[in-house]
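Undergrad: For reference, the file model-v5.csv (CSV, C-alpha atoms) is included below:
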```
chain,number,residue,atom,x,y,z
N,101,MET,CA,89.3,88.1,84.8
N,102,GLU,CA,92.2,85.7,84.0
N,103,LEU,CA,93.9,83.4,86.4
N,104,SER,CA,97.3,81.8,86.0
N,105,SER,CA,97.6,78.1,85.2
N,106,ASN,CA,98.9,77.4,88.7
N,107,ILE,CA,95.7,78.9,90.2
N,108,GLN,CA,93.5,77.1,87.7
N,109,GLU,CA,95.2,73.8,88.7
N,110,GLY,CA,94.6,74.6,92.3
N,111,LEU,CA,91.0,75.2,91.6
N,112,GLN,CA,90.7,71.9,89.8
N,113,VAL,CA,92.1,70.3,92.9
N,114,ALA,CA,89.6,72.1,95.1
N,115,GLY,CA,86.8,71.0,92.8
N,116,ASP,CA,87.8,67.3,92.9
N,117,PHE,CA,86.0,65.1,95.4
N,118,THR,CA,88.9,62.6,95.4
N,119,PHE,CA,91.4,65.3,96.7
N,120,ILE,CA,89.1,67.4,98.9
N,121,PRO,CA,86.0,65.7,100.5
N,122,ASP,CA,82.8,67.7,100.6
N,123,SER,CA,82.9,68.2,104.4
N,124,PHE,CA,86.3,69.6,104.2
N,125,PHE,CA,85.7,71.7,101.1
N,126,ASN,CA,83.1,73.7,103.1
N,127,ILE,CA,85.7,74.3,105.9
N,128,ILE,CA,88.2,75.6,103.3
N,129,VAL,CA,85.8,78.0,101.7
N,130,ASP,CA,84.8,79.4,105.1
N,131,PHE,CA,88.4,79.9,106.1
N,132,VAL,CA,89.1,81.7,102.8
N,133,CYS,CA,86.5,84.3,103.7
N,134,LYS,CA,87.6,84.6,107.3
N,135,SER,CA,91.2,85.1,106.1
N,136,ILE,CA,90.2,88.0,103.9
N,137,VAL,CA,87.5,89.7,106.0
N,138,ASP,CA,89.2,89.3,109.4
N,139,LEU,CA,92.8,89.8,108.0
N,140,GLN,CA,94.1,87.1,110.3
N,141,ASP,CA,96.0,83.9,109.7
N,142,GLN,CA,93.3,81.3,109.4
N,143,THR,CA,95.5,78.2,108.6
N,144,SER,CA,94.5,76.1,111.7
N,145,PHE,CA,92.4,73.9,109.4
N,146,LEU,CA,95.6,72.4,108.0
N,147,GLU,CA,96.1,70.5,111.3
N,148,GLU,CA,92.5,69.3,110.9
N,149,ALA,CA,93.3,68.1,107.4
N,150,ALA,CA,96.3,66.2,108.5
N,151,ALA,CA,94.3,64.6,111.3
N,152,LYS,CA,91.7,63.4,108.7
N,153,GLY,CA,94.3,62.0,106.4
N,154,ILE,CA,93.9,64.6,103.7
N,155,ASN,CA,97.0,65.6,101.8
N,156,VAL,CA,98.0,68.9,103.4
N,157,ALA,CA,99.9,70.1,100.2
N,158,LEU,CA,96.8,69.7,98.2
N,159,VAL,CA,94.7,71.5,100.8
N,160,LYS,CA,97.2,74.4,100.8
N,161,GLN,CA,97.0,74.5,97.0
N,162,ALA,CA,93.2,74.5,97.0
N,163,TYR,CA,93.1,77.2,99.8
N,164,GLY,CA,95.6,79.5,98.0
N,165,SER,CA,93.7,79.1,94.7
N,166,LEU,CA,90.3,79.8,96.3
N,167,LEU,CA,91.8,82.8,98.1
N,168,THR,CA,93.2,84.2,94.9
N,169,LEU,CA,89.9,83.6,93.1
N,170,PHE,CA,87.9,85.5,95.7
N,171,LEU,CA,90.3,88.4,95.7
N,172,GLU,CA,90.5,88.6,91.9
N,173,ALA,CA,86.8,88.2,91.5
N,174,ALA,CA,86.1,91.0,94.1
N,175,LYS,CA,88.8,93.2,92.5
N,176,HIS,CA,87.1,92.9,89.1
N,177,ASP,CA,83.6,93.2,90.6
N,178,ALA,CA,82.6,89.8,89.2
N,179,ASP,CA,79.1,88.6,89.7
N,180,ALA,CA,77.9,85.0,90.5
N,181,SER,CA,77.5,84.1,86.8
N,182,ASN,CA,81.1,85.1,86.0
N,183,LEU,CA,82.4,83.2,88.9
N,184,ALA,CA,80.3,80.1,88.1
N,185,GLY,CA,81.5,80.2,84.5
N,186,LEU,CA,85.1,80.3,85.6
N,187,LEU,CA,84.6,77.4,88.1
N,188,GLU,CA,82.9,75.4,85.4
N,189,ASP,CA,86.0,75.8,83.2
N,190,CYS,CA,88.0,74.4,86.2
N,191,LYS,CA,85.7,71.3,86.2
N,192,PHE,CA,83.9,72.2,89.5
N,193,PRO,CA,80.8,70.1,90.2
N,194,SER,CA,77.5,72.1,90.4
N,195,ASP,CA,77.1,71.8,94.1
N,196,ARG,CA,80.5,73.2,94.8
N,197,ILE,CA,79.9,76.0,92.3
N,198,ALA,CA,76.7,76.9,94.2
N,199,LYS,CA,78.6,76.9,97.5
N,200,VAL,CA,81.4,79.1,96.3
N,201,THR,CA,79.2,81.6,94.5
N,202,GLU,CA,76.8,81.8,97.5
N,203,ILE,CA,79.7,82.5,99.9
N,204,PHE,CA,81.4,84.9,97.6
N,205,VAL,CA,78.2,86.9,96.9
N,206,LEU,CA,77.5,87.0,100.7
N,207,HIS,CA,81.0,88.3,101.5
N,208,LYS,CA,81.7,90.3,98.3
N,209,PRO,CA,81.0,93.8,99.8
N,210,ARG,CA,83.3,93.2,102.8
N,211,ILE,CA,86.0,91.7,100.6
N,212,ARG,CA,85.8,94.8,98.3
N,213,SER,CA,85.9,97.0,101.4
N,214,GLU,CA,89.0,95.3,102.7
N,215,LEU,CA,90.7,95.6,99.2
N,216,SER,CA,90.0,99.3,99.0
N,217,ARG,CA,91.2,99.8,102.6
N,218,THR,CA,94.4,97.9,102.2
N,219,ALA,CA,95.1,99.2,98.7
N,220,ASN,CA,98.0,101.6,98.1
N,221,CYS,CA,96.5,104.3,96.0
N,222,PRO,CA,98.2,107.5,95.2
N,223,PRO,CA,96.2,110.7,95.8
N,224,HIS,CA,94.1,111.9,92.8
N,225,ILE,CA,94.5,115.5,91.7
N,226,VAL,CA,91.0,117.0,91.6
N,227,ASP,CA,91.8,120.7,91.2
N,228,VAL,CA,94.7,123.0,90.4
N,229,ALA,CA,95.2,126.7,91.3
N,230,TRP,CA,98.2,128.7,90.3
N,231,ARG,CA,99.5,132.2,90.3
N,232,LEU,CA,102.4,134.0,88.7
N,233,ASP,CA,104.7,136.0,91.0
N,234,TYR,CA,107.7,138.1,89.9
N,235,CYS,CA,110.6,137.7,92.2
N,236,ILE,CA,112.9,140.7,92.3
N,237,LYS,CA,115.2,139.7,95.1
N,238,ASP,CA,115.6,136.8,97.5
N,239,ASN,CA,117.6,136.0,100.6
N,240,TYR,CA,120.5,134.4,98.7
N,241,LEU,CA,121.1,136.6,95.7
N,242,ASP,CA,121.0,140.3,95.3
N,243,LYS,CA,118.8,140.4,92.2
N,244,VAL,CA,116.7,137.6,90.7
N,245,ASN,CA,114.3,139.3,88.4
N,246,GLU,CA,112.5,136.3,87.1
N,247,PRO,CA,108.9,135.0,87.2
N,248,VAL,CA,108.0,132.3,89.7
N,249,TYR,CA,104.9,130.1,89.5
N,250,THR,CA,103.2,129.0,92.6
N,251,ILE,CA,101.2,125.8,92.0
N,252,ASP,CA,98.5,124.5,94.5
N,253,LEU,CA,97.2,121.0,93.8
N,254,LYS,CA,94.1,119.9,95.5
N,255,THR,CA,94.2,116.1,96.0
N,256,GLU,CA,92.0,113.5,97.5
N,257,LYS,CA,93.0,110.0,98.7
N,258,PRO,CA,90.5,107.2,98.2
N,259,GLY,CA,88.9,106.3,101.6
N,260,GLU,CA,89.9,109.5,103.3
N,261,PRO,CA,87.6,112.4,103.8
N,262,GLY,CA,88.4,115.9,102.6
N,263,LEU,CA,90.9,117.5,100.2
N,264,HIS,CA,94.6,117.9,100.8
N,265,ASN,CA,96.9,120.7,99.5
N,266,VAL,CA,100.2,120.2,97.8
N,267,GLN,CA,101.9,123.5,97.1
N,268,PHE,CA,105.2,124.2,95.4
N,269,SER,CA,106.9,127.0,93.5
N,270,CYS,CA,108.9,126.7,90.3
N,271,THR,CA,110.5,128.7,87.6
N,272,VAL,CA,109.3,128.9,84.0
N,273,GLU,CA,111.8,126.2,82.9
N,274,GLN,CA,110.8,123.9,85.8
N,275,LEU,CA,107.2,124.3,84.9
N,276,GLN,CA,107.8,123.6,81.3
N,277,ASP,CA,109.7,120.5,82.3
N,278,LEU,CA,106.9,119.4,84.6
N,279,VAL,CA,104.3,119.9,81.8
N,280,TRP,CA,106.5,117.9,79.3
N,281,LYS,CA,106.8,115.0,81.8
N,282,LEU,CA,103.1,115.0,82.5
N,283,LYS,CA,102.4,114.9,78.7
N,284,ASP,CA,104.9,112.0,78.4
N,285,ALA,CA,103.3,110.1,81.2
N,286,THR,CA,99.8,110.6,79.7
N,287,LYS,CA,101.1,109.2,76.3
N,288,CYS,CA,102.6,106.2,78.1
N,289,LEU,CA,99.3,105.5,79.9
N,290,GLU,CA,97.3,105.8,76.7
N,291,LYS,CA,99.6,103.2,75.0
N,292,ILE,CA,99.2,100.9,78.0
N,293,ALA,CA,95.4,101.3,77.9
N,294,GLN,CA,95.3,100.4,74.2
N,295,VAL,CA,97.1,97.1,74.8
```
For this file, produce the structure as structure tokens.

TA:
Amino acid sequence: MELSSNIQEGLQVAGDFTFIPDSFFNIIVDFVCKSIVDLQDQTSFLEEAAAKGINVALVKQAYGSLLTLFLEAAKHDADASNLAGLLEDCKFPSDRIAKVTEIFVLHKPRIRSELSRTANCPPHIVDVAWRLDYCIKDNYLDKVNEPVYTIDLKTEKPGEPGLHNVQFSCTVEQLQDLVWKLKDATKCLEKIAQV
């Protein structure tokens, strides 16, 4: 799991006692989890930071960086040791590392659940059925006399029960074009996977 330099700088701010006091750090970590799990705007703590004389811009930077850290760690299914190592690289003190990893491990299943629920995943093809028909005549032309393939794709969408059908018909040329495009897409994905 790699984080951008901006996020790492924000994590360094979050780990620094001089920027974010301990009492307020705990509030930020709690609000990060509430923002993800409850999917609500949880920025009311910014007013509290201003009232306590804490730099609001630094609080926003720390909040955004911790939020990104939790989402990325859940996305990559990171465990407490991975998270602790990353936080050590960002110069977090051990007590704050313990607090962040404890809260993350506690809320990780719900964060992953929210990520999968809000993700935009295309359906996965799980089965294909086809048949070859010979079309002699249709409504628009007198004689067609060509084969027509009827393709039935069984798809499943992550998070939804059951299978869905996608059915279409195509000529031999259209089917050859579809197969060529699928092979081309497969080669492109293999190249991306090797990088």

Undergrad: For CA of Asp227 in chain N and CA of Leu275 in chain N, quote the distance in Å rounded to one decimal.

TA: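 One can read the CA of Asp227 in chain N to CA of Leu275 in chain N distance as 17.0 Å.
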
Undergrad: Counting only C-alpha atoms, find residues at most 9 Å from (87.7, 80.1, 85.4) (file frame) and give them as a list in words.

TA: Met101, Glu102, Leu103, Gln108, Leu111, Leu169, Asn182, Leu183, Ala184, Gly185, Leu186, Leu187, Glu188, Asp189 and Cys190 of chain N

Undergrad: Excluding Val266 in chain N and its own-chain neighbours fewer than 3 positions away, which residues fall within 9 Å of it when counting all atoms listed in the file? Please give them as a list in words.

TA: Ile251, Asp252, Leu253, Lys254 and Thr255 of chain N

Undergrad: Neighbourhood query: residues within 10 Å of (91.8, 90.9, 101.5), file coordinates, counting all atoms listed in the file; return as a PDB file with C-alpha atoms, in the coordinates of the input.

TA:
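The resulting selection09.pdb:
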```
ATOM      1  CA  VAL N 132      89.100  81.700 102.800  1.00  0.00           C
ATOM      2  CA  CYS N 133      86.500  84.300 103.700  1.00  0.00           C
ATOM      3  CA  LYS N 134      87.600  84.600 107.300  1.00  0.00           C
ATOM      4  CA  SER N 135      91.200  85.100 106.100  1.00  0.00           C
ATOM      5  CA  ILE N 136      90.200  88.000 103.900  1.00  0.00           C
ATOM      6  CA  VAL N 137      87.500  89.700 106.000  1.00  0.00           C
ATOM      7  CA  ASP N 138      89.200  89.300 109.400  1.00  0.00           C
ATOM      8  CA  LEU N 139      92.800  89.800 108.000  1.00  0.00           C
ATOM      9  CA  GLN N 140      94.100  87.100 110.300  1.00  0.00           C
ATOM     10  CA  LEU N 167      91.800  82.800  98.100  1.00  0.00           C
ATOM     11  CA  THR N 168      93.200  84.200  94.900  1.00  0.00           C
ATOM     12  CA  PHE N 170      87.900  85.500  95.700  1.00  0.00           C
ATOM     13  CA  LEU N 171      90.300  88.400  95.700  1.00  0.00           C
ATOM     14  CA  GLU N 172      90.500  88.600  91.900  1.00  0.00           C
ATOM     15  CA  ALA N 174      86.100  91.000  94.100  1.00  0.00           C
ATOM     16  CA  LYS N 175      88.800  93.200  92.500  1.00  0.00           C
ATOM     17  CA  ARG N 210      83.300  93.200 102.800  1.00  0.00           C
ATOM     18  CA  ILE N 211      86.000  91.700 100.600  1.00  0.00           C
ATOM     19  CA  ARG N 212      85.800  94.800  98.300  1.00  0.00           C
ATOM     20  CA  SER N 213      85.900  97.000 101.400  1.00  0.00           C
ATOM     21  CA  GLU N 214      89.000  95.300 102.700  1.00  0.00           C
ATOM     22  CA  LEU N 215      90.700  95.600  99.200  1.00  0.00           C
ATOM     23  CA  SER N 216      90.000  99.300  99.000  1.00  0.00           C
ATOM     24  CA  ARG N 217      91.200  99.800 102.600  1.00  0.00           C
ATOM     25  CA  THR N 218      94.400  97.900 102.200  1.00  0.00           C
ATOM     26  CA  ALA N 219      95.100  99.200  98.700  1.00  0.00           C
TER      27      ALA N 219
END
```

Undergrad: Rounded to one decimal place, report the CA of Glu148 in chain N-CA of Leu206 in chain N distance in Å.

TA: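 Result for CA of Glu148 in chain N versus CA of Leu206 in chain N: 25.3 Å, one decimal.
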
Undergrad: Could you jot down the CA of Glu246 in chain N to CA of Gln276 in chain N separation for me, Å, one decimal place?

TA: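 Computed distance, CA of Glu246 in chain N to CA of Gln276 in chain N, equals 14.7 Å.
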
Undergrad: Write out as a PyMOL selection string which residues come within 10 Å of range 117-127 of chain N when counting all atoms listed in the file, dropping same-chain ones fewer than 6 positions away.

TA: chain N and resi 145+148-149+152+154-155+158-159+162-163+192-193+195-196+199-200+203

Undergrad: Selected residues, C-alpha atoms, written as a compact mmCIF listing (two decimals), keeping the file's coordinate frame, please.

TA:
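selection_27.txt, written as the output of this step:
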```
# COMPACT_ATOMS: atom_id res chain seq x y z
CA PHE N 145 92.40 73.90 109.40
CA GLU N 148 92.50 69.30 110.90
CA ALA N 149 93.30 68.10 107.40
CA LYS N 152 91.70 63.40 108.70
CA ILE N 154 93.90 64.60 103.70
CA ASN N 155 97.00 65.60 101.80
CA LEU N 158 96.80 69.70 98.20
CA VAL N 159 94.70 71.50 100.80
CA ALA N 162 93.20 74.50 97.00
CA TYR N 163 93.10 77.20 99.80
CA PHE N 192 83.90 72.20 89.50
CA PRO N 193 80.80 70.10 90.20
CA ASP N 195 77.10 71.80 94.10
CA ARG N 196 80.50 73.20 94.80
CA LYS N 199 78.60 76.90 97.50
CA VAL N 200 81.40 79.10 96.30
CA ILE N 203 79.70 82.50 99.90
```

Undergrad: Taking into account all atoms listed in the file, which residue in the set N:Ser194, N:Asn265, N:Thr250, N:Asn245 is nearest to His224 in chain N?

TA: N:Asn265

Undergrad: Which residue, N:Ala285, N:Leu263, N:Ala150, N:Ile128, has the smallest gap to Leu166 in chain N when you use all atoms listed in the file?

TA: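 For Leu166 in chain N, the nearest of the candidates is N:Ile128.
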
Undergrad: Using all atoms listed in the file, which of the listed residues (N:Val248, N:Ser269, N:Gln161, N:Lys257) sits closest to Asn106 in chain N?

TA: N:Gln161

Undergrad: From the list N:Ala180, N:Cys221, N:Val226, N:Ala157, which residue is nearest Val205 in chain N when using only C-alpha atoms?

TA: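 Of the candidates, the smallest distance to Val205 in chain N is held by N:Ala180.
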
Undergrad: If you count only C-alpha atoms, which residues fall within 6 Å of Tyr249 in chain N, apart from same-chain ones fewer than 4 positions away, as a VMD selection string?

TA: chain N and resid 231 to 232 269 to 270

Undergrad: Considering all atoms listed in the file, can you say which of N:Val244, N:Leu289, N:Phe268, N:Glu256 comes closest to Ala229 in chain N?

TA: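 Residue with the minimum atom-to-atom distance to Ala229 in chain N: N:Phe268.
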
Undergrad: With only C-alpha atoms as the basis for distance, which of N:Asp177, N:Leu282, N:Gln267, N:Glu290 is at the shortest distance from Trp230 in chain N?

TA: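 Closest to Trp230 in chain N, using only C-alpha atoms: N:Gln267.
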